[in-house]
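Enquirer: Just run.txt, nothing more (compact mmCIF, C-alpha atoms):
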```txt
# COMPACT_ATOMS: atom_id res chain seq x y z
CA MET T 754 101.63 -6.07 124.01
CA ASN T 755 103.74 -6.63 127.08
CA ALA T 756 103.29 -9.59 129.40
CA ILE T 757 105.43 -7.99 132.09
CA GLU T 758 106.14 -4.35 132.76
CA ILE T 759 108.13 -3.27 135.80
CA LYS T 760 108.76 0.42 136.36
CA THR T 761 111.25 1.86 138.89
CA MET T 762 110.59 -0.93 141.35
CA ASN T 763 112.09 -0.72 144.84
CA ARG T 764 112.13 -3.41 147.45
CA GLY T 765 114.25 -4.35 150.45
CA TYR T 766 113.89 -6.42 153.57
CA GLY T 767 114.40 -3.73 156.20
CA GLY T 768 118.11 -3.25 155.49
CA PRO T 769 119.67 -1.76 152.38
CA PRO T 770 117.48 -2.02 149.26
CA VAL T 771 117.77 -5.27 147.32
CA ILE T 772 116.04 -3.94 144.22
CA GLU T 773 116.64 -0.32 143.36
CA ASN T 774 114.80 1.50 140.55
CA LEU T 775 114.45 -1.63 138.46
CA SER T 776 112.64 -1.32 135.15
CA LEU T 777 112.07 -4.30 132.93
CA THR T 778 109.79 -5.21 130.01
CA VAL T 779 108.88 -8.58 128.54
CA PRO T 780 106.76 -8.60 125.36
CA VAL T 781 104.20 -11.37 124.84
CA GLY T 782 105.63 -14.36 122.99
CA HIS T 783 109.17 -13.96 124.26
CA ILE T 784 111.41 -16.22 126.27
CA TYR T 785 113.20 -13.95 128.71
CA GLY T 786 116.36 -15.13 130.45
CA PHE T 787 116.76 -13.35 133.79
CA LEU T 788 120.36 -13.44 134.92
CA GLY T 789 122.28 -12.26 137.93
CA ARG T 790 124.81 -13.48 140.44
CA ASN T 791 123.84 -15.13 143.71
CA GLY T 792 122.13 -12.63 146.00
CA SER T 793 121.53 -10.11 143.23
CA GLY T 794 117.77 -10.10 143.92
CA LYS T 795 116.41 -12.31 141.12
CA THR T 796 114.11 -14.26 143.41
CA THR T 797 112.78 -11.02 144.95
CA VAL T 798 111.70 -9.87 141.50
CA ILE T 799 110.27 -13.26 140.61
CA LYS T 800 108.26 -13.46 143.84
CA THR T 801 106.88 -10.02 143.11
CA LEU T 802 105.80 -11.17 139.64
CA ALA T 803 104.13 -14.19 141.18
CA GLY T 804 102.19 -11.92 143.55
CA LEU T 805 103.93 -13.13 146.69
CA LEU T 806 105.74 -9.89 147.51
CA LYS T 807 104.60 -6.29 147.45
CA VAL T 808 106.74 -3.54 145.96
CA GLU T 809 107.74 -0.64 148.21
CA SER T 810 107.50 1.84 145.39
CA GLY T 811 107.25 1.79 141.63
CA SER T 812 104.89 -0.45 139.71
CA VAL T 813 104.73 -4.06 138.59
CA ASP T 814 102.25 -5.13 135.96
CA VAL T 815 101.56 -8.62 134.67
CA PHE T 816 99.09 -8.48 131.78
CA GLY T 817 98.32 -4.94 132.90
CA ARG T 818 97.55 -5.81 136.50
CA ASP T 819 99.54 -5.65 139.74
CA PRO T 820 100.00 -9.33 140.68
CA TRP T 821 99.78 -8.45 144.38
CA LEU T 822 96.17 -7.35 143.81
CA ALA T 823 95.29 -10.01 141.23
CA GLY T 824 92.35 -12.31 141.85
CA ALA T 825 92.09 -16.06 141.30
CA LEU T 826 91.15 -15.84 137.61
CA GLU T 827 94.09 -13.58 136.85
CA LYS T 828 96.47 -15.81 138.80
CA GLN T 829 95.32 -18.83 136.80
CA ARG T 830 97.04 -17.28 133.80
CA ILE T 831 100.41 -17.44 135.55
CA GLY T 832 102.39 -20.64 136.04
CA TYR T 833 105.10 -20.41 138.67
CA LEU T 834 107.90 -22.75 139.66
CA SER T 835 109.49 -21.48 142.85
CA GLU T 836 113.15 -21.76 143.67
CA SER T 837 112.56 -24.07 146.61
CA GLN T 838 109.60 -26.40 146.77
CA THR T 839 107.95 -26.90 150.12
CA LEU T 840 105.56 -29.82 149.80
CA PRO T 841 105.01 -32.57 152.39
CA PRO T 842 107.52 -35.32 151.48
CA MET T 843 105.16 -38.24 152.07
CA ILE T 844 102.43 -37.06 149.74
CA ARG T 845 101.81 -39.02 146.54
CA LEU T 846 102.19 -37.14 143.27
CA ARG T 847 98.70 -38.08 142.11
CA SER T 848 97.30 -36.42 145.25
CA ILE T 849 99.11 -33.20 144.42
CA ILE T 850 97.66 -33.37 140.90
CA ARG T 851 94.17 -34.08 142.23
CA PHE T 852 94.49 -31.12 144.55
CA SER T 853 95.93 -28.70 141.97
CA ALA T 854 93.80 -29.43 138.90
CA PRO T 855 90.46 -28.07 140.22
CA LEU T 856 92.17 -24.80 141.19
CA TYR T 857 92.58 -24.11 137.48
CA GLY T 858 89.18 -25.33 136.26
CA ASP T 859 89.03 -25.76 132.50
CA ARG T 860 92.54 -24.48 132.01
CA TRP T 861 94.08 -27.66 133.43
CA ASP T 862 95.25 -29.94 130.62
CA THR T 863 95.09 -33.52 131.92
CA ASP T 864 96.58 -35.00 128.74
CA LEU T 865 99.52 -32.62 128.77
CA CYS T 866 100.14 -33.40 132.44
CA GLN T 867 100.12 -37.15 131.79
CA SER T 868 102.24 -37.02 128.67
CA LEU T 869 104.89 -34.83 130.30
CA LEU T 870 105.11 -37.09 133.35
CA ALA T 871 105.50 -40.08 131.02
CA LYS T 872 108.12 -38.25 129.00
CA PHE T 873 110.16 -37.44 132.09
CA GLY T 874 109.65 -40.99 133.43
CA ILE T 875 107.84 -39.88 136.58
CA ASP T 876 105.28 -42.30 138.06
CA PRO T 877 102.39 -40.36 139.67
CA ASN T 878 101.84 -43.18 142.16
CA ARG T 879 105.12 -42.49 143.87
CA ARG T 880 105.65 -40.29 146.89
CA LEU T 881 107.48 -36.99 146.57
CA SER T 882 110.30 -38.21 148.84
CA GLN T 883 110.93 -41.14 146.47
CA LEU T 884 111.94 -38.79 143.66
CA SER T 885 115.44 -37.49 143.09
CA LEU T 886 115.91 -33.74 143.47
CA GLY T 887 116.00 -33.39 139.70
CA GLN T 888 112.75 -35.32 139.30
CA GLN T 889 111.10 -33.18 141.98
CA ARG T 890 112.11 -30.15 139.96
CA LEU T 891 110.64 -31.63 136.79
CA PHE T 892 107.44 -32.53 138.62
CA GLY T 893 107.16 -28.92 139.76
CA PHE T 894 107.66 -27.83 136.18
CA VAL T 895 104.87 -30.14 134.98
CA MET T 896 102.53 -28.69 137.64
CA ALA T 897 103.37 -25.17 136.47
CA VAL T 898 102.80 -25.99 132.79
CA ALA T 899 99.72 -28.22 133.05
CA PRO T 900 97.26 -25.27 133.35
CA ARG T 901 98.66 -23.98 130.03
CA PRO T 902 99.54 -20.61 131.56
CA ASP T 903 99.89 -17.50 129.43
CA LEU T 904 102.95 -16.55 131.44
CA LEU T 905 105.30 -19.16 132.83
CA ILE T 906 107.69 -17.96 135.55
CA LEU T 907 110.53 -20.33 136.41
CA ASP T 908 113.00 -19.66 139.20
CA GLU T 909 116.17 -21.66 138.60
CA PRO T 910 114.31 -24.47 136.84
CA ALA T 911 117.44 -26.21 135.64
CA ALA T 912 119.00 -26.65 139.07
CA ASN T 913 119.78 -30.32 139.77
CA LEU T 914 118.93 -31.48 136.25
CA ASP T 915 121.45 -33.52 134.30
CA VAL T 916 122.45 -32.36 130.84
CA ALA T 917 120.16 -34.73 128.94
CA VAL T 918 117.07 -33.91 131.00
CA ARG T 919 117.86 -30.19 130.79
CA ARG T 920 117.78 -30.42 127.01
CA GLU T 921 114.36 -32.11 127.11
CA PHE T 922 113.14 -29.53 129.53
CA LEU T 923 114.33 -26.66 127.31
CA GLU T 924 112.64 -28.35 124.39
CA GLU T 925 109.38 -28.25 126.36
CA ILE T 926 109.77 -24.53 126.99
CA LEU T 927 110.23 -23.99 123.26
CA GLU T 928 107.24 -26.19 122.50
CA LEU T 929 105.14 -24.01 124.76
CA ILE T 930 106.25 -20.93 122.85
CA ARG T 931 105.61 -22.52 119.46
CA ILE T 932 101.90 -22.74 120.30
CA GLY T 933 101.93 -18.95 120.22
CA GLY T 934 100.79 -16.23 122.58
CA LYS T 935 102.70 -17.65 125.54
CA THR T 936 105.51 -15.96 127.44
CA VAL T 937 108.29 -17.49 129.52
CA PHE T 938 110.35 -15.70 132.16
CA PHE T 939 113.12 -17.76 133.71
CA SER T 940 116.14 -17.23 135.89
CA THR T 941 119.15 -19.49 135.70
CA HIS T 942 122.85 -19.82 136.29
CA VAL T 943 123.31 -22.08 133.30
CA LEU T 944 124.08 -19.51 130.65
CA THR T 945 124.29 -21.99 127.81
CA ASP T 946 120.59 -22.75 128.42
CA VAL T 947 119.83 -19.09 127.96
CA GLU T 948 121.85 -18.97 124.75
CA ARG T 949 119.95 -21.94 123.41
CA VAL T 950 116.38 -20.76 123.96
CA ALA T 951 116.06 -17.16 125.17
CA ASP T 952 115.47 -14.28 122.81
CA SER T 953 115.71 -11.51 125.39
CA VAL T 954 118.06 -11.20 128.30
CA GLY T 955 118.13 -9.05 131.41
CA ILE T 956 121.19 -8.97 133.64
CA LEU T 957 120.59 -7.89 137.23
CA ALA T 958 123.43 -6.38 139.27
CA GLY T 959 123.46 -3.83 142.06
CA GLY T 960 119.65 -3.85 142.32
CA SER T 961 118.81 -2.96 138.72
CA LEU T 962 119.51 -4.12 135.19
CA VAL T 963 122.99 -3.52 133.81
CA ALA T 964 121.83 -4.82 130.45
CA GLU T 965 118.53 -5.62 128.81
CA ALA T 966 118.42 -6.49 125.15
CA ALA T 967 117.65 -9.09 122.58
CA LEU T 968 120.29 -11.75 123.07
CA ASP T 969 121.50 -11.35 119.47
CA ASP T 970 121.90 -7.60 119.89
CA LEU T 971 123.72 -8.01 123.18
CA LYS T 972 126.25 -10.33 121.55
CA ASP T 973 126.66 -7.91 118.68
CA GLN T 974 127.20 -4.94 121.00
CA TYR T 975 130.42 -6.15 122.59
CA ARG T 976 133.77 -7.33 121.30
CA ARG T 977 136.88 -8.52 123.01
CA VAL T 978 139.85 -6.79 121.43
CA ARG T 979 143.56 -7.24 121.71
CA LEU T 980 145.64 -4.26 120.64
CA TYR T 981 149.34 -4.80 120.05
CA ASP T 982 152.39 -3.41 118.29
CA PHE T 983 151.95 0.08 119.75
CA ALA T 984 154.48 2.66 118.66
CA GLY T 985 154.85 3.78 122.27
CA PRO T 986 153.42 2.58 125.56
CA PRO T 987 149.77 1.44 125.32
CA PRO T 988 147.08 3.84 126.63
CA HIS T 989 145.84 3.35 130.21
CA GLU T 990 142.31 4.06 129.26
CA ILE T 991 139.96 3.62 126.34
CA PRO T 992 136.64 5.43 126.73
CA GLY T 993 133.83 2.96 127.42
CA ALA T 994 136.07 -0.08 127.66
CA LEU T 995 135.43 -2.78 130.26
CA SER T 996 138.18 -4.70 132.05
CA LEU T 997 141.14 -3.10 130.36
CA ARG T 998 144.43 -4.84 130.98
CA THR T 999 147.86 -4.07 129.65
CA SER T 1000 150.98 -6.15 129.54
CA GLY T 1001 154.13 -4.74 127.97
CA ARG T 1002 153.10 -3.42 124.58
CA GLU T 1003 149.81 -5.25 124.52
CA LEU T 1004 146.36 -4.33 125.69
CA SER T 1005 143.24 -6.41 126.07
CA ALA T 1006 139.76 -5.04 126.72
CA VAL T 1007 136.07 -5.54 126.11
CA VAL T 1008 134.58 -2.68 124.15
CA ARG T 1009 131.06 -1.72 123.34
CA ILE T 1010 130.47 -0.97 119.70
CA ASP T 1011 127.58 0.75 118.02
CA SER T 1012 125.90 -1.16 115.26
CA CYS T 1013 127.73 -1.07 111.94
CA GLN T 1014 130.76 0.48 113.57
CA ALA T 1015 133.85 -1.64 113.28
CA THR T 1016 136.58 -1.85 115.89
CA THR T 1017 139.22 -1.09 113.29
CA HIS T 1018 139.06 2.62 114.13
CA LEU T 1019 140.71 1.75 117.44
CA ALA T 1020 143.72 0.48 115.54
CA GLU T 1021 143.93 3.73 113.64
CA GLN T 1022 143.32 5.89 116.69
CA TYR T 1023 146.09 4.29 118.75
CA SER T 1024 148.22 3.32 115.73
CA CYS T 1025 148.55 -0.34 116.54
CA GLN T 1026 147.40 -3.75 115.33
CA ILE T 1027 144.07 -5.18 116.40
CA GLU T 1028 142.57 -8.61 116.88
CA GLU T 1029 138.94 -9.00 117.84
CA SER T 1030 136.54 -11.76 118.79
CA GLN T 1031 132.93 -12.04 119.87
CA LEU T 1032 132.10 -12.95 123.45
CA PRO T 1033 130.07 -15.91 124.60
CA LEU T 1034 127.28 -14.89 126.98
CA GLU T 1035 129.22 -16.27 129.93
CA ASP T 1036 132.14 -13.89 129.38
CA LEU T 1037 129.79 -11.02 128.74
CA PHE T 1038 127.93 -11.79 131.94
CA ILE T 1039 131.14 -11.72 133.97
CA GLU T 1040 132.24 -8.43 132.43
CA LEU T 1041 128.87 -6.74 132.99
CA THR T 1042 128.34 -7.91 136.54
CA ARG T 1043 131.90 -7.18 137.61
CA THR T 1044 131.65 -3.46 137.01
CA LYS T 1045 128.67 -3.06 139.32
CA LYS T 1046 128.51 -4.83 142.63
CA MET U 1121 117.53 -29.46 106.87
CA LEU U 1122 120.41 -29.85 109.28
CA PHE U 1123 122.41 -27.07 110.84
CA HIS U 1124 125.66 -26.88 112.66
CA LEU U 1125 124.82 -24.55 115.54
CA ASN U 1126 126.83 -23.64 118.58
CA PRO U 1127 124.82 -21.53 121.03
CA SER U 1128 127.83 -20.69 123.21
CA ASN U 1129 129.68 -19.27 120.26
CA GLY U 1130 129.89 -15.49 120.43
CA VAL U 1131 128.13 -15.29 117.05
CA PRO U 1132 124.35 -14.99 117.54
CA LEU U 1133 122.41 -18.16 116.70
CA TYR U 1134 120.33 -16.48 114.02
CA ARG U 1135 123.47 -15.39 112.19
CA GLN U 1136 124.94 -18.88 112.33
CA MET U 1137 121.73 -20.19 110.78
CA LEU U 1138 121.46 -17.32 108.33
CA ASN U 1139 124.99 -17.86 107.02
CA GLN U 1140 124.45 -21.57 106.55
CA MET U 1141 121.16 -21.09 104.71
CA ARG U 1142 122.57 -18.33 102.57
CA GLU U 1143 125.48 -20.53 101.55
CA ARG U 1144 123.09 -23.35 100.67
CA ILE U 1145 120.86 -21.16 98.55
CA LEU U 1146 123.61 -19.25 96.79
CA GLY U 1147 125.70 -22.39 96.42
CA GLY U 1148 122.81 -24.21 94.73
CA GLY U 1149 122.29 -26.73 97.54
CA LEU U 1150 118.72 -25.51 97.79
CA PRO U 1151 117.32 -25.14 94.25
CA ALA U 1152 115.07 -22.26 93.22
CA GLY U 1153 111.42 -22.82 94.00
CA GLU U 1154 112.17 -25.38 96.72
CA LYS U 1155 109.74 -25.21 99.62
CA LEU U 1156 111.42 -24.49 102.94
CA PRO U 1157 110.25 -25.97 106.22
CA SER U 1158 107.80 -23.87 108.23
CA VAL U 1159 109.13 -21.70 111.04
CA ARG U 1160 107.61 -24.09 113.53
CA ASP U 1161 109.04 -27.25 111.93
CA LEU U 1162 112.49 -25.80 111.48
CA SER U 1163 112.53 -24.55 115.06
CA ILE U 1164 111.76 -28.12 116.17
CA THR U 1165 114.42 -29.85 114.08
CA ALA U 1166 117.06 -27.23 114.88
CA GLY U 1167 115.97 -27.04 118.54
CA VAL U 1168 115.87 -23.26 118.58
CA ASN U 1169 113.40 -20.53 119.41
CA PRO U 1170 110.85 -20.00 116.61
CA LEU U 1171 111.63 -16.27 116.74
CA THR U 1172 115.18 -17.13 115.71
CA VAL U 1173 113.95 -18.97 112.63
CA ALA U 1174 111.47 -16.21 111.81
CA LYS U 1175 114.32 -13.71 111.95
CA VAL U 1176 116.44 -15.83 109.60
CA TYR U 1177 113.59 -16.03 107.06
CA GLN U 1178 113.02 -12.29 107.40
CA PHE U 1179 116.64 -11.54 106.55
CA LEU U 1180 116.63 -14.00 103.65
CA GLU U 1181 113.50 -12.42 102.30
CA ARG U 1182 114.97 -8.95 102.54
CA GLU U 1183 117.99 -10.20 100.61
CA GLY U 1184 115.70 -11.59 97.94
CA LEU U 1185 116.78 -15.17 98.54
CA VAL U 1186 113.41 -16.51 99.63
CA GLU U 1187 109.79 -15.61 98.98
CA THR U 1188 106.87 -15.99 101.30
CA ARG U 1189 103.66 -16.90 99.52
CA ARG U 1190 100.73 -16.21 101.70
CA GLY U 1191 99.08 -19.34 103.03
CA THR U 1192 101.47 -21.74 101.33
CA GLY U 1193 104.81 -21.09 103.01
CA THR U 1194 108.34 -19.97 102.30
CA PHE U 1195 110.18 -20.88 99.08
CA VAL U 1196 113.64 -20.37 97.65
CA ALA U 1197 113.24 -17.40 95.32
CA SER U 1198 112.71 -18.36 91.69
CA ALA U 1199 115.35 -16.00 90.38
CA VAL U 1200 118.16 -16.33 92.84
CA ARG U 1201 121.06 -14.07 92.17
CA THR U 1202 124.57 -15.08 93.16
CA PHE U 1203 126.75 -13.35 95.71
CA THR U 1204 127.70 -9.81 94.77
CA ALA U 1205 131.35 -8.86 94.88
CA ALA U 1206 130.73 -6.90 98.07
CA GLU U 1207 129.07 -9.90 99.71
CA ARG U 1208 131.91 -12.19 98.74
CA ARG U 1209 134.32 -9.71 100.23
CA GLU U 1210 132.27 -9.44 103.40
CA GLN U 1211 132.24 -13.21 103.84
CA LEU U 1212 135.99 -13.49 103.38
CA ASP U 1213 136.91 -10.36 105.29
CA PRO U 1214 137.25 -11.79 108.80
CA LEU U 1215 139.40 -14.62 107.45
CA ILE U 1216 141.59 -12.26 105.47
CA ARG U 1217 142.05 -10.02 108.48
CA GLN U 1218 143.00 -13.02 110.57
CA VAL U 1219 145.56 -14.23 108.02
CA VAL U 1220 147.10 -10.76 107.81
CA ALA U 1221 147.21 -10.38 111.59
CA GLU U 1222 148.84 -13.81 112.03
CA ALA U 1223 151.29 -13.18 109.21
CA THR U 1224 152.28 -9.83 110.69
CA HIS U 1225 152.69 -11.50 114.06
CA LEU U 1226 155.04 -14.10 112.56
CA GLY U 1227 156.91 -11.48 110.57
CA VAL U 1228 155.78 -12.83 107.19
CA GLY U 1229 155.47 -10.13 104.55
CA ALA U 1230 152.63 -9.48 102.12
CA LYS U 1231 154.52 -10.90 99.14
CA GLN U 1232 155.29 -14.19 100.85
CA THR U 1233 151.75 -14.50 102.19
CA LEU U 1234 150.24 -13.90 98.76
CA GLN U 1235 152.55 -16.48 97.24
CA TRP U 1236 151.38 -19.08 99.77
CA VAL U 1237 147.78 -18.20 99.12
CA GLU U 1238 148.37 -18.66 95.40
CA GLU U 1239 149.98 -22.02 96.02
CA GLU U 1240 146.92 -23.10 97.95
CA PHE U 1241 144.74 -21.99 95.06
CA SER U 1242 146.65 -24.10 92.55
CA LYS U 1243 146.64 -27.11 94.91
CA ASN U 1244 142.90 -26.73 95.14
CA GLN U 1245 142.63 -26.52 91.37
CA LYS U 1246 144.66 -29.71 90.92
CA ARG U 1247 142.39 -31.55 93.35
CA LYS U 1248 139.38 -30.43 91.37
CA ASN U 1249 140.89 -31.57 88.07
CA LEU U 1250 141.67 -35.06 89.34
```
Spell out the structure here as structure tokens.

Expert:
Amino acid sequence: MNAIEIKTMNRGYGGPPVIENLSLTVPVGHIYGFLGRNGSGKTTVIKTLAGLLKVESGSVDVFGRDPWLAGALEKQRIGYLSESQTLPPMIRLRSIIRFSAPLYGDRWDTDLCQSLLAKFGIDPNRRLSQLSLGQQRLFGFVMAVAPRPDLLILDEPAANLDVAVRREFLEEILELIRIGGKTVFFSTHVLTDVERVADSVGILAGGSLVAEAALDDLKDQYRRVRLYDFAGPPPHEIPGALSLRTSGRELSAVVRIDSCQATTHLAEQYSCQIEESQLPLEDLFIELTRTKK
Amino acid sequence: MLFHLNPSNGVPLYRQMLNQMRERILGGGLPAGEKLPSVRDLSITAGVNPLTVAKVYQFLEREGLVETRRGTGTFVASAVRTFTAAERREQLDPLIRQVVAEATHLGVGAKQTLQWVEEEFSKNQKRKNL
């Protein structure tokens, strides 16, 4: 069962297309880390999933339904934290809660709402403007989670959060998943957060995904290699290699390997010595987004 | 059960966990028949995705190191075998390759390297005998 299924989606804003032939799948029960550089179109995709934007062509399904056409009951299943909150600054938090809760009927979990606010040290009697930016973000998160949504969509949730609070917040995402049957889709620039909790990753560049895989598989698919001690000059090209650099009789590159296949064959092929290491997600991200702009 | 996990390491989290559990089981740190924490509990204490823990248990089960008894949980297998020669080799392989690469880099030959490795072995033995 898939929570999200996007097929050859296209969308622009009058100019050149922002999203071009994007396809993406998120199975139920997964935490999906949606990555991309600034301006790569992440928010466009997220708004489409939340039913706030219409696709130009292609299809977007959330629980088998186009969110643009979804009714109130279907939308109750989706929790959404937008990138920028636009709430009146003078409003008290408890008023926002009193306004939001009835929109979700029985789904709204008052206890969860209260316990999360207490956990994050947020007093519902305060006004929105009295909270720090980080606290406002957390409050938005609590509002998105309180209806116990089947799909939780978070656009840059970790922005403005300090390290300690971010950990707690990630722990809450995991807690949500542990209950079972829930799905989380979140975009972020903090790649270590993704490495900590996500099981699937999609990397957006040039309007579509340059990589989509289980995080473990993605890490297993690439290696950074250093080839040295060549008999002659090092080759200028290795098929399939990313960011190949040479210096004297040395060569460094990121190569994609098939499962079970070692990189040692490179050493034999070019008759040289080899050193290899695995790449943290951050390095992988830079390599994959550099090739396509 | 405590783990030493580094998410930003290039090695996938599940493999870091898998290696540490495997070492504990095969090294006798977790005795046969011992009940392991549930996927949910372990994912809480280790602060990782429950799917990661489930994957670790799946691999351990495939390797015959743990058994899942329906309704009661996951246990260290009653007849745990020790590492096979191939597995020992696999565990040591990256380290061996690194030593050889470094030695080559420094211009140290195989004979000299082996001698130093042997010395380390006897030092280790002495420490054990003390």

Enquirer: Using all atoms listed in the file, can you tell me which of U:Val1237, U:Met1141, U:Ser1128, U:Leu1171 comes closest to Ala967 (chain T)?

Expert: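 Among the listed residues, the smallest separation from Ala967 (chain T) belongs to U:Leu1171.
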
Enquirer: Could you list the residues in chain T lying within 6 Å of chain U, using only C-alpha atoms, and format the result as a short mmCIF file (atom, residue, chain, number, x, y, z; two decimals) with C-alpha atoms, keeping the file's coordinate frame?

Expert:
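That gives us part-v7.cif:
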```cif
data_model
loop_
_atom_site.label_atom_id
_atom_site.label_comp_id
_atom_site.auth_asym_id
_atom_site.auth_seq_id
_atom_site.Cartn_x
_atom_site.Cartn_y
_atom_site.Cartn_z
CA THR T 945 124.29 -21.99 127.81
CA GLU T 948 121.85 -18.97 124.75
CA ARG T 949 119.95 -21.94 123.41
CA VAL T 950 116.38 -20.76 123.96
CA ASP T 969 121.50 -11.35 119.47
CA GLN T 1031 132.93 -12.04 119.87
CA LEU T 1032 132.10 -12.95 123.45
CA PRO T 1033 130.07 -15.91 124.60
#
```

Enquirer: Please provide as a compact mmCIF listing (two decimals) with C-alpha atoms, keeping the file's coordinate frame all residues within 10 Å of region 1151-1155 of chain U, with the sequence filter that same-chain residues fewer than 3 positions apart are discarded (counting only C-alpha atoms).

Expert:
```
# COMPACT_ATOMS: atom_id res chain seq x y z
CA ARG U 1144 123.09 -23.35 100.67
CA ILE U 1145 120.86 -21.16 98.55
CA LEU U 1146 123.61 -19.25 96.79
CA GLY U 1147 125.70 -22.39 96.42
CA GLY U 1148 122.81 -24.21 94.73
CA SER U 1158 107.80 -23.87 108.23
CA LEU U 1185 116.78 -15.17 98.54
CA VAL U 1186 113.41 -16.51 99.63
CA GLU U 1187 109.79 -15.61 98.98
CA THR U 1188 106.87 -15.99 101.30
CA THR U 1192 101.47 -21.74 101.33
CA GLY U 1193 104.81 -21.09 103.01
CA THR U 1194 108.34 -19.97 102.30
CA PHE U 1195 110.18 -20.88 99.08
CA VAL U 1196 113.64 -20.37 97.65
CA ALA U 1197 113.24 -17.40 95.32
CA SER U 1198 112.71 -18.36 91.69
CA ALA U 1199 115.35 -16.00 90.38
CA VAL U 1200 118.16 -16.33 92.84
```

Enquirer: Please determine, counting all atoms listed in the file, which residue among T:Ala756, T:Leu788, T:Leu927, T:Leu846 has the shortest atom-to-atom distance to Glu1035 (chain T).

Expert: T:Leu788

Enquirer: So how many Å separate CA of Lys1246 (chain U) and CA of Leu1234 (chain U), to one decimal?

Expert: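 Straight-line distance from CA of Lys1246 (chain U) to CA of Leu1234 (chain U) works out to 18.5 Å.
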